[in-house]
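Inspection log for the structure reproduced underneath, given as structure tokens.
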Amino acid sequence: MEATSRHRRQKRKCQVNAALAGARGAAQVSAMAEVFRLDRALIRLSGPDSVSFLNNLLTQNVEHLDAPSYAALLSPQGKLIADMFLWPMAGDLVIEADATRGADLLRRLSMYKLRANVVVADASDALSVTFSDARFEGAAADPRLPHGALGWRKMAPRSEAQDLADGAEVYDAKRLAIGVPDLARDAAPEEVFAGEALLEELKGVDFQKGCFVGQENVSRMKRRATTRRKFCPISFEGALPAFGAAIKAGDAEIGTVRTGAEGRAIALMRLDRALELSANGARLSVEGREIRLDPPPWLILPSREAP
């Protein structure tokens, strides 16, 4: 039993390392063609008003959806409640969200339904999501970044995924290497605004569509370029700091560490101040250790001149 456990740990470590290598532009690792299961909350919406119902709520345009799309439900103040993928399925729409946000999301959708002719139902017992680093049969590219940079996903019957290995660690290593936050873990509900959550960079907001919950604040912050606090990867030597550990420049606290692994983490910080301080040679630290900013090329950086 002990040898088997060691073998499983070693296999998992190899899978995680392969994800990091692939995400950083290394040669494709053949082992990553393996398909994994992702445990997600799945909510199916059916009925003639399904499209208009979701289109009035979510940040993404739901009309004429023919491929997976990334979206979010915001509070009226424009703060993130839950991010999600939207899947078209046999005339219905399926919401894929983090398992920890599923019950609350189902409750909120049912509350918003009012007189709309739509059925909102938990589909987690019938459907599942599979994932791979490489394209596989029936899969679609993760819509947040181009060219399948965040892997390939497929909505499948639950029976198709039940014997697959859990891909949480492999996926987590991939998104961390690329610098994408896990909004269900890196932020509490209604902690961050849409721009802070990188919804614009990750194609989670359609600024040309009609109204959605929280649109006024989202549009205003984009128009005025007032988003100064953002998620950004950081790198450091050694073990991952504690979740919520303060990022400091001297005695000033400018952010906190969120999820991560040895040597790398996602941080939520006043990115304008962090960029300015780094450009001026200031030392940024967490728990007494020096850290370095590592913004990905797709991240929209705030102006350093912002007050």
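In the structure tokens, the first chain shown is A, the next is B, and so on; residue numbers restart at 1 for each chain, and ligands run from 1 in the order shown.
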List the spatial neighbours of Arg44 (chain A) as a CSV table (one decimal) with N, CA and C atoms, in the first residue's frame - criterion: any atom at most 6 Å away, only C-alpha atoms, same-chain residues fewer than 3 positions off excluded.
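Dumped to selection_30.csv:
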```csv
chain,number,residue,atom,x,y,z
A,93,LEU,N,-29.2,25.7,-21.8
A,93,LEU,CA,-27.9,26.3,-21.4
A,93,LEU,C,-27.5,25.6,-20.1
A,94,VAL,N,-26.2,25.3,-20.0
A,94,VAL,CA,-25.6,24.7,-18.8
A,94,VAL,C,-24.6,25.6,-18.3
A,120,VAL,N,-34.8,26.1,-13.8
A,120,VAL,CA,-33.4,26.1,-13.3
A,120,VAL,C,-33.2,24.9,-12.4
A,121,ALA,N,-32.3,24.0,-12.8
A,121,ALA,CA,-32.2,22.7,-12.1
A,121,ALA,C,-30.7,22.3,-11.9
A,123,ALA,N,-27.8,20.0,-12.3
A,123,ALA,CA,-27.5,19.0,-13.2
A,123,ALA,C,-26.2,18.2,-12.9
```
- Can you list, as a ChimeraX atom specification, every residue of region 15-122 of chain A that DSSP puts in strand (DSSP E or B)? /A:36-38,40-46,69-74,79-89,92-98,119-122
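What separates CA of Cys232 (chain A) from CA of Leu198 (chain A) is a distance of 9.4 Å.
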- Which distance in Å separates CA of Gly244 (chain A) and CA of Pro302 (chain A), to one decimal? 22.4 Å
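Closest approach to Ala249 (chain A) from the set A:Ala97, A:Ile81, A:Met269, A:Ala90 is made by A:Met269, with distances taken over only C-alpha atoms.
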- Task: Please provide the set of residues having any atom within 8 Å of Glu216 (chain A), restricted to only C-alpha atoms, with same-chain residues fewer than 3 positions apart removed, written as a list in words.
- Result: Gly78, Ser219 and Arg220 of chain A
- Task: Quick one: pull the distance between CA of Ala82 (chain A) and CA of Ser50 (chain A), Å, one decimal.
- Result: 18.7 Å
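Close contacts of region 239-242 of chain A, defined as residues with an atom at most 12 Å away when counting only C-alpha atoms, with chain neighbours fewer than 4 positions off set aside, comprise Ile234, Ser235, Ala246, Ile247, Thr256, Val257, Arg258, Thr259, Gly260, Ala261, Glu262, Gly263, Arg264, Ala265, Ile266, Ala267, Ser285, Val286, Glu287, Gly288, Arg289, Glu290 and Ile291 of chain A.
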Next, write the just-selected residues to a file, as a JSON list (two decimals), in the first residue's frame, keeping N, CA and C atoms as the atom set.
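Final output, saved to part-v3.json:
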```json
[["chain", "number", "residue", "atom", "x", "y", "z"],
["A", 234, "ILE", "N", 3.06, 36.58, -8.50],
["A", 234, "ILE", "CA", 4.33, 36.96, -7.88],
["A", 234, "ILE", "C", 5.21, 35.72, -7.80],
["A", 235, "SER", "N", 6.51, 35.93, -7.79],
["A", 235, "SER", "CA", 7.45, 34.83, -7.64],
["A", 235, "SER", "C", 8.35, 35.11, -6.45],
["A", 246, "ALA", "N", 0.49, 39.51, 4.16],
["A", 246, "ALA", "CA", 0.60, 40.87, 3.64],
["A", 246, "ALA", "C", 1.79, 41.03, 2.72],
["A", 247, "ILE", "N", 1.58, 41.72, 1.60],
["A", 247, "ILE", "CA", 2.66, 42.14, 0.71],
["A", 247, "ILE", "C", 3.02, 43.56, 1.11],
["A", 256, "THR", "N", -2.16, 41.29, -0.67],
["A", 256, "THR", "CA", -2.10, 40.03, 0.06],
["A", 256, "THR", "C", -1.90, 38.86, -0.89],
["A", 257, "VAL", "N", -1.28, 37.82, -0.38],
["A", 257, "VAL", "CA", -1.06, 36.59, -1.14],
["A", 257, "VAL", "C", -2.35, 35.77, -1.13],
["A", 258, "ARG", "N", -2.62, 35.13, -2.24],
["A", 258, "ARG", "CA", -3.78, 34.23, -2.32],
["A", 258, "ARG", "C", -3.27, 32.81, -2.61],
["A", 259, "THR", "N", -3.83, 32.09, -3.58],
["A", 259, "THR", "CA", -3.41, 30.71, -3.81],
["A", 259, "THR", "C", -2.06, 30.66, -4.51],
["A", 260, "GLY", "N", -1.40, 29.51, -4.40],
["A", 260, "GLY", "CA", -0.11, 29.37, -5.06],
["A", 260, "GLY", "C", 0.54, 28.05, -4.76],
["A", 261, "ALA", "N", 1.84, 27.99, -5.04],
["A", 261, "ALA", "CA", 2.65, 26.80, -4.81],
["A", 261, "ALA", "C", 4.06, 27.29, -4.49],
["A", 262, "GLU", "N", 4.95, 26.36, -4.30],
["A", 262, "GLU", "CA", 6.33, 26.75, -4.02],
["A", 262, "GLU", "C", 6.87, 27.64, -5.13],
["A", 263, "GLY", "N", 7.34, 28.81, -4.77],
["A", 263, "GLY", "CA", 7.98, 29.70, -5.73],
["A", 263, "GLY", "C", 7.08, 30.63, -6.51],
["A", 264, "ARG", "N", 5.75, 30.44, -6.42],
["A", 264, "ARG", "CA", 4.86, 31.26, -7.25],
["A", 264, "ARG", "C", 3.46, 31.30, -6.62],
["A", 265, "ALA", "N", 2.82, 32.47, -6.73],
["A", 265, "ALA", "CA", 1.48, 32.62, -6.17],
["A", 265, "ALA", "C", 0.73, 33.70, -6.93],
["A", 266, "ILE", "N", -0.57, 33.71, -6.71],
["A", 266, "ILE", "CA", -1.43, 34.80, -7.18],
["A", 266, "ILE", "C", -1.60, 35.76, -6.01],
["A", 267, "ALA", "N", -1.47, 37.05, -6.29],
["A", 267, "ALA", "CA", -1.63, 38.07, -5.26],
["A", 267, "ALA", "C", -2.70, 39.07, -5.70],
["A", 285, "SER", "N", 8.05, 42.63, -0.24],
["A", 285, "SER", "CA", 8.31, 41.45, 0.57],
["A", 285, "SER", "C", 7.02, 40.86, 1.14],
["A", 286, "VAL", "N", 7.10, 39.57, 1.48],
["A", 286, "VAL", "CA", 6.04, 38.85, 2.18],
["A", 286, "VAL", "C", 6.69, 38.00, 3.25],
["A", 287, "GLU", "N", 6.24, 38.16, 4.48],
["A", 287, "GLU", "CA", 6.79, 37.39, 5.60],
["A", 287, "GLU", "C", 8.31, 37.52, 5.66],
["A", 288, "GLY", "N", 8.80, 38.71, 5.33],
["A", 288, "GLY", "CA", 10.23, 38.98, 5.39],
["A", 288, "GLY", "C", 11.02, 38.53, 4.18],
["A", 289, "ARG", "N", 10.37, 37.88, 3.21],
["A", 289, "ARG", "CA", 11.05, 37.40, 2.01],
["A", 289, "ARG", "C", 10.76, 38.30, 0.83],
["A", 290, "GLU", "N", 11.75, 38.53, 0.01],
["A", 290, "GLU", "CA", 11.57, 39.36, -1.17],
["A", 290, "GLU", "C", 10.71, 38.64, -2.20],
["A", 291, "ILE", "N", 9.83, 39.40, -2.84],
["A", 291, "ILE", "CA", 9.02, 38.86, -3.93],
["A", 291, "ILE", "C", 9.23, 39.70, -5.18]]
```
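Distance check against Met155 (chain A) using only C-alpha atoms: of A:Gly214, A:Gly179, A:Pro88, A:Gly204, the minimum falls on A:Pro88.
Checking A:Arg135, A:Lys230, A:Lys209, A:Arg144 one by one against Leu58 (chain A), counting only C-alpha atoms, you find the shortest gap at A:Lys209.
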- Distance query Ile254 (chain A) at most 10 Å, only C-alpha atoms, self and fewer than 6 positions along chain excluded, as a ChimeraX atom specification: /A:229,246-248,268-274,284
Would you save the residues of that selection, restricted to C-alpha atoms, as a CSV table (one decimal), in the first residue's frame?
```csv
chain,number,residue,atom,x,y,z
A,229,ARG,CA,-6.2,46.9,-7.6
A,246,ALA,CA,0.6,40.9,3.6
A,247,ILE,CA,2.7,42.1,0.7
A,248,LYS,CA,4.7,45.1,1.9
A,268,LEU,CA,-4.3,40.7,-5.0
A,269,MET,CA,-2.7,44.1,-4.7
A,270,ARG,CA,-2.6,47.8,-5.6
A,271,LEU,CA,-0.9,47.0,-8.8
A,272,ASP,CA,-0.3,50.6,-9.8
A,273,ARG,CA,1.6,51.2,-6.5
A,274,ALA,CA,3.5,47.9,-6.8
A,284,LEU,CA,8.6,44.2,-2.1
```
- Message: Restricting the calculation to only C-alpha atoms: of A:Tyr171, A:Phe193, A:Phe236, A:Phe131, which residue gets closest to Trp152 (chain A)?
- Response: A:Phe131
- Task: Using DSSP on the backbone, list every residue of region 61-304 of chain A that comes out as alpha helix (DSSP H), and give them as a ChimeraX atom specification.
- Result: /A:102-113,158-161,168-178,183-186,215-224,271-279
Using N, CA and C atoms, can you write the selected residues to a file as a compact mmCIF listing (two decimals), in the first residue's frame?
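See selection.txt below for the written result:
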```txt
# COMPACT_ATOMS: atom_id res chain seq x y z
N GLY A 102 -21.79 26.60 -6.22
CA GLY A 102 -22.95 26.08 -6.92
C GLY A 102 -24.26 26.30 -6.21
N ALA A 103 -24.33 25.98 -4.91
CA ALA A 103 -25.60 26.08 -4.18
C ALA A 103 -26.08 27.52 -4.12
N ASP A 104 -25.16 28.45 -3.87
CA ASP A 104 -25.54 29.86 -3.79
C ASP A 104 -25.97 30.38 -5.16
N LEU A 105 -25.27 29.95 -6.19
CA LEU A 105 -25.62 30.38 -7.54
C LEU A 105 -27.00 29.88 -7.94
N LEU A 106 -27.29 28.61 -7.62
CA LEU A 106 -28.60 28.05 -7.90
C LEU A 106 -29.69 28.83 -7.16
N ARG A 107 -29.42 29.17 -5.92
CA ARG A 107 -30.39 29.93 -5.12
C ARG A 107 -30.64 31.30 -5.74
N ARG A 108 -29.58 31.97 -6.14
CA ARG A 108 -29.72 33.32 -6.70
C ARG A 108 -30.46 33.29 -8.04
N LEU A 109 -30.15 32.33 -8.88
CA LEU A 109 -30.85 32.23 -10.16
C LEU A 109 -32.33 31.96 -9.95
N SER A 110 -32.65 31.11 -9.01
CA SER A 110 -34.05 30.82 -8.71
C SER A 110 -34.76 32.05 -8.17
N MET A 111 -34.03 32.86 -7.40
CA MET A 111 -34.60 34.09 -6.85
C MET A 111 -34.88 35.11 -7.97
N TYR A 112 -33.96 35.21 -8.94
CA TYR A 112 -34.11 36.16 -10.04
C TYR A 112 -35.17 35.74 -11.04
N LYS A 113 -35.53 34.47 -11.03
CA LYS A 113 -36.40 33.93 -12.09
C LYS A 113 -37.75 34.64 -12.15
N ARG A 158 -22.14 12.14 -16.86
CA ARG A 158 -21.34 11.85 -15.67
C ARG A 158 -20.70 10.47 -15.73
N SER A 159 -21.38 9.53 -16.36
CA SER A 159 -20.84 8.17 -16.46
C SER A 159 -19.54 8.13 -17.26
N GLU A 160 -19.37 9.08 -18.18
CA GLU A 160 -18.17 9.12 -19.02
C GLU A 160 -16.94 9.57 -18.23
N ALA A 161 -17.16 10.30 -17.14
CA ALA A 161 -16.04 10.86 -16.38
C ALA A 161 -15.77 10.17 -15.06
N ALA A 168 -7.75 18.29 -10.69
CA ALA A 168 -7.68 19.59 -10.01
C ALA A 168 -6.25 20.09 -9.89
N GLU A 169 -5.31 19.22 -9.50
CA GLU A 169 -3.93 19.67 -9.29
C GLU A 169 -3.26 20.03 -10.61
N VAL A 170 -3.55 19.24 -11.66
CA VAL A 170 -2.95 19.52 -12.97
C VAL A 170 -3.46 20.86 -13.50
N TYR A 171 -4.78 21.05 -13.44
CA TYR A 171 -5.34 22.32 -13.91
C TYR A 171 -4.83 23.49 -13.07
N ASP A 172 -4.76 23.30 -11.76
CA ASP A 172 -4.33 24.37 -10.87
C ASP A 172 -2.91 24.81 -11.20
N ALA A 173 -2.03 23.84 -11.46
CA ALA A 173 -0.66 24.18 -11.81
C ALA A 173 -0.60 24.95 -13.12
N LYS A 174 -1.46 24.58 -14.05
CA LYS A 174 -1.47 25.25 -15.36
C LYS A 174 -1.92 26.70 -15.24
N ARG A 175 -3.03 26.93 -14.56
CA ARG A 175 -3.54 28.30 -14.48
C ARG A 175 -2.62 29.16 -13.64
N LEU A 176 -1.95 28.56 -12.64
CA LEU A 176 -1.02 29.32 -11.81
C LEU A 176 0.21 29.73 -12.62
N ALA A 177 0.73 28.82 -13.44
CA ALA A 177 1.88 29.15 -14.27
C ALA A 177 1.57 30.28 -15.24
N ILE A 178 0.34 30.31 -15.76
CA ILE A 178 -0.05 31.35 -16.71
C ILE A 178 -0.41 32.65 -15.99
N LEU A 183 -11.08 32.38 -9.05
CA LEU A 183 -11.87 33.40 -8.38
C LEU A 183 -12.73 32.85 -7.24
N ALA A 184 -12.93 31.53 -7.20
CA ALA A 184 -13.67 30.95 -6.09
C ALA A 184 -12.79 30.77 -4.86
N ARG A 185 -11.47 30.75 -5.06
CA ARG A 185 -10.53 30.56 -3.96
C ARG A 185 -9.73 31.83 -3.66
N ASP A 186 -9.44 32.59 -4.70
CA ASP A 186 -8.61 33.79 -4.53
C ASP A 186 -9.40 35.00 -4.08
N GLN A 215 -23.80 46.41 -14.33
CA GLN A 215 -23.19 46.99 -15.53
C GLN A 215 -22.74 48.44 -15.34
N GLU A 216 -23.52 49.22 -14.63
CA GLU A 216 -23.21 50.65 -14.51
C GLU A 216 -21.82 50.88 -13.92
N ASN A 217 -21.51 50.19 -12.83
CA ASN A 217 -20.19 50.36 -12.21
C ASN A 217 -19.08 49.77 -13.07
N VAL A 218 -19.36 48.63 -13.71
CA VAL A 218 -18.35 48.01 -14.57
C VAL A 218 -17.99 48.95 -15.71
N SER A 219 -18.99 49.51 -16.36
CA SER A 219 -18.75 50.42 -17.49
C SER A 219 -18.05 51.69 -17.04
N ARG A 220 -18.45 52.21 -15.88
CA ARG A 220 -17.84 53.44 -15.39
C ARG A 220 -16.35 53.23 -15.07
N MET A 221 -16.02 52.11 -14.42
CA MET A 221 -14.62 51.86 -14.06
C MET A 221 -13.77 51.63 -15.30
N LYS A 222 -14.34 51.01 -16.33
CA LYS A 222 -13.58 50.83 -17.57
C LYS A 222 -13.37 52.17 -18.27
N ARG A 223 -14.43 52.95 -18.34
CA ARG A 223 -14.35 54.24 -19.04
C ARG A 223 -13.37 55.19 -18.37
N ARG A 224 -13.35 55.19 -17.05
CA ARG A 224 -12.47 56.10 -16.31
C ARG A 224 -11.11 55.49 -15.98
N LEU A 271 -1.88 47.25 -7.80
CA LEU A 271 -0.87 46.96 -8.81
C LEU A 271 -0.20 48.23 -9.31
N ASP A 272 -0.93 49.34 -9.34
CA ASP A 272 -0.29 50.59 -9.77
C ASP A 272 0.83 50.98 -8.83
N ARG A 273 0.60 50.85 -7.51
CA ARG A 273 1.64 51.17 -6.53
C ARG A 273 2.79 50.18 -6.59
N ALA A 274 2.46 48.90 -6.76
CA ALA A 274 3.50 47.88 -6.83
C ALA A 274 4.42 48.11 -8.03
N LEU A 275 3.84 48.45 -9.18
CA LEU A 275 4.64 48.72 -10.37
C LEU A 275 5.53 49.95 -10.18
N GLU A 276 4.95 50.99 -9.60
CA GLU A 276 5.72 52.21 -9.38
C GLU A 276 6.87 51.98 -8.41
N LEU A 277 6.57 51.29 -7.32
CA LEU A 277 7.60 51.01 -6.32
C LEU A 277 8.71 50.13 -6.90
N SER A 278 8.32 49.11 -7.66
CA SER A 278 9.32 48.23 -8.26
C SER A 278 10.19 48.98 -9.26
N ALA A 279 9.57 49.86 -10.05
CA ALA A 279 10.33 50.65 -11.02
C ALA A 279 11.34 51.58 -10.34
```
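Checking A:Leu145, A:Ala41, A:Leu199, A:Ala134 one by one against Trp298 (chain A), counting only C-alpha atoms, you find the shortest gap at A:Leu145.
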- Query: Using only C-alpha atoms, which residues sit within 10 Å of Leu164 (chain A) once same-chain residues fewer than 2 positions away are excluded, as number ranges by chain?
  - Reply: A: 34-38, 130, 159-162, 166-167
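Proximity of A:Arg292, A:Lys154, A:Arg283, A:Arg228 to Ala67 (chain A), computed with only C-alpha atoms, is greatest for A:Lys154.
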